[in-house]
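Below is one structure; the comments refer to it alone.
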Amino acid sequence: MGARIVDRAFVLDLLNDLVATNSVNPDVGNGPGESALSNLLLERLSVVTDLEVRQQHVTGDRSNVVAVLRGSGGGRSLMLNGHMDTVGVEGMSIEPFRPVVRDGFIHGRGTCDMKSAIAAMIGAAKSLAGSESKLRGDLILSFVVDEEHMSLGITKLVEEYKADAAIVGEPTEMRIATAHKGFVWIEVETKGRAAHGSVPEKGVDAIVHAAKIVTRLNELQDKLRAHRHPLLGPPKIHTSTIQGGTHWSIVPDRCVLRLERRTVPGETTALVMKEIEELLDSIRLEDSNFKGEARKIFERPPLEISPNEPIVQTLQQTITEAIGTDQSPVGVPYWTDGAILSHSASIPTCLFGPGDISVAHSPDEYVDAEDVLQAADIYRNIAQKFCA
């Protein structure tokens, strides 16, 4: 274990303030959005020596916050990225915006996903800004809105900002993650024929048709198991919502089934939609009354970065030095803004941050305070090595 080089009190105090600031995504948890947190970060970053800080307008009163520590020239640039929004707080077993420490763990909404990484990144940048050893390349902090919904913030960010590499501070349990899954949201609409409930044989039940699709998903999942990714495992599919019918005594003439298909690197949306069309065709062959139509609603690509990329090699070395054991790359099952940095901006991107994804979005969200502090040191060290 190396000696602490980042101001511990600063990082933990900042994390408390971030968690105490409600930034629930308005489209996910009916929250106020990120405006208050964006303003808080602007204020805290603006007093750090040598940081160029601005808000980047995204939509309405929602703005990203970007801070740049300029290098002396000739070095590689590194972006440290995090999202400011959180999911909602309904059903939480703790006070969501009143962070408390119990047995070394900080509890509150956003502690794990991912305000701890934001605090650690700012602590690292503050330490470097006050250091006599200057970086040659630029260090860019980018804190974005709307990751939990449509990723409007990161989409806007990459219109203006590029870097030679990026690290997204999602909770990876202090491991380096070089791959994550993507997803495709699919709606399947089935159509029937309405009839009075006393004579259902006169109608065609659209919900029954949707049920036929659901029963075939297990067969599709069995086929998907053959496409196992070495870090991510197999692709997956699941039902999300189902809506149909209008009244107790009417045979439903319409039903909408929503599916989510989690993709692995190498899979395309066209391939996913072909799978669904083949599933619908198999039902049509068995039932001439079946009418179903599939449409893609939204998609996001998976992420995969070569283990030979300089950012992966340098981060792996830095983590191994800090933790004391060899840290081989892993994959994570969830989606992140890292895929946008990689695909839309062609920035080699990996993930590293404190926290366990299993407690993100949970009724009692928490993070290990020591992991947050160690992450801050690692972010600082990786910047010194990569931007040299």
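Going by the structure tokens order, chains are called A, B, ..., each with residues numbered from 1, while ligands are numbered from 1 in the order shown.
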| What are the DSSP helix (DSSP H, G or I) residues of segment 76-121 of chain A, as a PyMOL selection string? | chain A and resi 111-121
| In segment 29-89 of chain A, what's strand (DSSP E) per DSSP? Answer as a list in words? |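 Selecting the strand (DSSP E) positions of segment 29-89 of chain A gives Leu51, Glu52, Val53, Arg54, Gln55, Gln56, His57, Val58, Thr59, Arg62, Ser63, Asn64, Val65, Val66, Ala67, Val68, Leu69, Leu78, Met79, Leu80, Asn81, Gly82 and His83 of chain A.
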| field | atom CA of Leu152 of chain A to atom CA of Ala119 of chain A, distance in Å rounded to a single decimal | value |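 Calculated distance between atom CA of Leu152 of chain A and atom CA of Ala119 of chain A is 21.9 Å.
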| task | Considering only C-alpha atoms, state which residue in the set A:Ile94, A:Asp377, A:Pro307, A:Cys255 is at the smallest distance from Glu321 of chain A. | result |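 Nearest to Glu321 of chain A: A:Asp377.
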| Option closest in space to Arg62 of chain A, from A:Val11, A:Val28, A:Ala163, A:Val145 [counting only C-alpha atoms] |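 For Arg62 of chain A, the nearest of the candidates is A:Val145.
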| field | Coordinates-based distance that separates atom CA of Leu231 of chain A from atom CA of Val264 of chain A (Å, one decimal) | value |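 Between these atoms lies a distance of 9.6 Å.
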